[in-house]
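Enquirer: Let me begin by handing over the structure; questions about it come next.
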Amino acid sequence: MHTLPIGVFDSGLGGLTVAREIMRALPEESVVYFGDTARCPYGPRQPHEVREFVLQIGSWLARQPVKLIVIACNTATAAGLALAQQVFDVPVVGVVEPGARAAVKATINRKVGVIGTVGTVDSGVYSAAVRLLDAGATVFSVATPRFVDVVEQGLRMGPGTLEDWLSESSDVFIRPSFYEMARDYLDPLKRNGIDTLVLGCTHFPLLSAAIQQVVGANVRLISSAEETAREVAATLEARDQLASDEGRFERYVTTGDVDEFARLGGRVLRRRTTDVAQVSLSELEALLDGRLREALRAFDAGESACD
Ligand code: DGL
């Protein structure tokens, strides 16, 4: 079991910010990364549809097999983590709880801001996760879907390391229009006096220099990547499943274009990604068998009973 890879997935490339942290923290571990680029973004989709995707990709990873699954996407974690933990035989780790934990550790005035996709913010998962850890904390959340577009466009433009290119020093893309949009999103959070801001979308660490400039140096930015990597390490250690580096490998899978994934993924990882393969959407859809459909139906019924 310990030689099996860790499966990591996201709606696209943003989850590579989590994968690179896992690979940095656990260099002996093999990783299979699945980017559902053909169906990105997940942020504006209904939770039911995102849950279907979580079950499809989780099943695909489970069949590799993998020893642990990381949902490296806040939107997918918000919609599907609890269901995935019910249906898969391996541990499933999401990115929301680790991000909330890091924020609660960091905040001094207990006013925490969260930015994410519409799906993540509407779900309220961050407020719930922060309050579970500190009932006295106040959470202010804002959906910032256009930040996802900025990263997606930024990835497709210009050569070089993405952070450099999207950083405050870049004259090319991060221009007054970005700062204007960022101020519109972030000023209300600043007015609420937050001292900590959770980057509740795996795309956003790639914008952290620019976001930091807008919120000011007094606000601590939290990316859940490091804390997620720690949780993965702790889970594997507790199960006595940590790998030695024997036969270590990395594999990348996309539902989109293989060459584009290799090129853009390399910019996030800051090195070449060679082993990239494509999985078709019809192959994924076929994995949603009767058992999973029934689990999904029961989960959805439970959710609507809670509304
Ligand atoms: N990576 C996704 C997340 O963390 C954002 C991109 C999307 O909308 O698919 O929520």
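Just remember, in the structure tokens the first chain shown is A, the second B, etc., residues are 1-based per chain, and ligands are 1-based in the order shown.
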Find the nearest atom pair between each residue of chain A and ligand 1 for residues within 7 Å, count only C-alpha atoms and all ligand atoms, give distances in Å to one decimal, sort rows by chain and ascending number, and present the table as a Markdown table.

Expert:
```
| residue | atom | partner | partner_atom_place_in_ligand_line | distance |
| --- | --- | --- | --- | --- |
| A:Asp10 | CA | ligand 1 | 1 (N) | 5.8 |
| A:Ser11 | CA | ligand 1 | 9 (O) | 4.7 |
| A:Gly12 | CA | ligand 1 | 1 (N) | 6.6 |
| A:Gly14 | CA | ligand 1 | 1 (N) | 4.9 |
| A:Gly15 | CA | ligand 1 | 1 (N) | 5.9 |
| A:Cys40 | CA | ligand 1 | 9 (O) | 4.8 |
| A:Pro41 | CA | ligand 1 | 9 (O) | 3.3 |
| A:Tyr42 | CA | ligand 1 | 9 (O) | 3.6 |
| A:Gly43 | CA | ligand 1 | 8 (O) | 3.4 |
| A:Pro44 | CA | ligand 1 | 8 (O) | 6.6 |
| A:Ala72 | CA | ligand 1 | 4 (O) | 6.7 |
| A:Cys73 | CA | ligand 1 | 4 (O) | 3.6 |
| A:Asn74 | CA | ligand 1 | 4 (O) | 3.8 |
| A:Thr75 | CA | ligand 1 | 10 (O) | 3.9 |
| A:Ala76 | CA | ligand 1 | 10 (O) | 6.7 |
| A:Gly116 | CA | ligand 1 | 10 (O) | 6.3 |
| A:Thr117 | CA | ligand 1 | 10 (O) | 5.6 |
| A:Thr120 | CA | ligand 1 | 10 (O) | 6.5 |
| A:Val148 | CA | ligand 1 | 6 (C) | 5.9 |
| A:Gly200 | CA | ligand 1 | 4 (O) | 6.4 |
| A:Cys201 | CA | ligand 1 | 4 (O) | 3.4 |
| A:Thr202 | CA | ligand 1 | 4 (O) | 4.0 |
| A:His203 | CA | ligand 1 | 1 (N) | 5.4 |
```

Enquirer: Which of range 96-265 of chain A counts as helix (DSSP H, G or I) under DSSP, as an MDAnalysis selection string please?

Expert: chainID A and resid 96:106 118:123 125:133 145:156 162:166 176:191 204:215 224:238 258:265

Enquirer: Excluding Asp300 in chain A and residues on its chain fewer than 4 positions from it, collect all residues at most 8 Å away from it, counting only C-alpha atoms, and give them as a list in words.

Expert: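 My reading of the contact set: His48, Leu296 and Ser304 of chain A.
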
Enquirer: Of the residues A:Ala79, A:Leu55, A:Arg110, A:Arg20, which is the one nearest to Ala135 in chain A, using only C-alpha atoms?

Expert: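 Result for the nearest residue to Ala135 in chain A: A:Arg110.
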
Enquirer: Would you mind writing down, as a ChimeraX atom specification, each residue of range 102-274 of chain A that DSSP on the backbone assigns to strand (DSSP E or B)?

Expert: /A:111-116,138-143,196-200,220-223,250-254
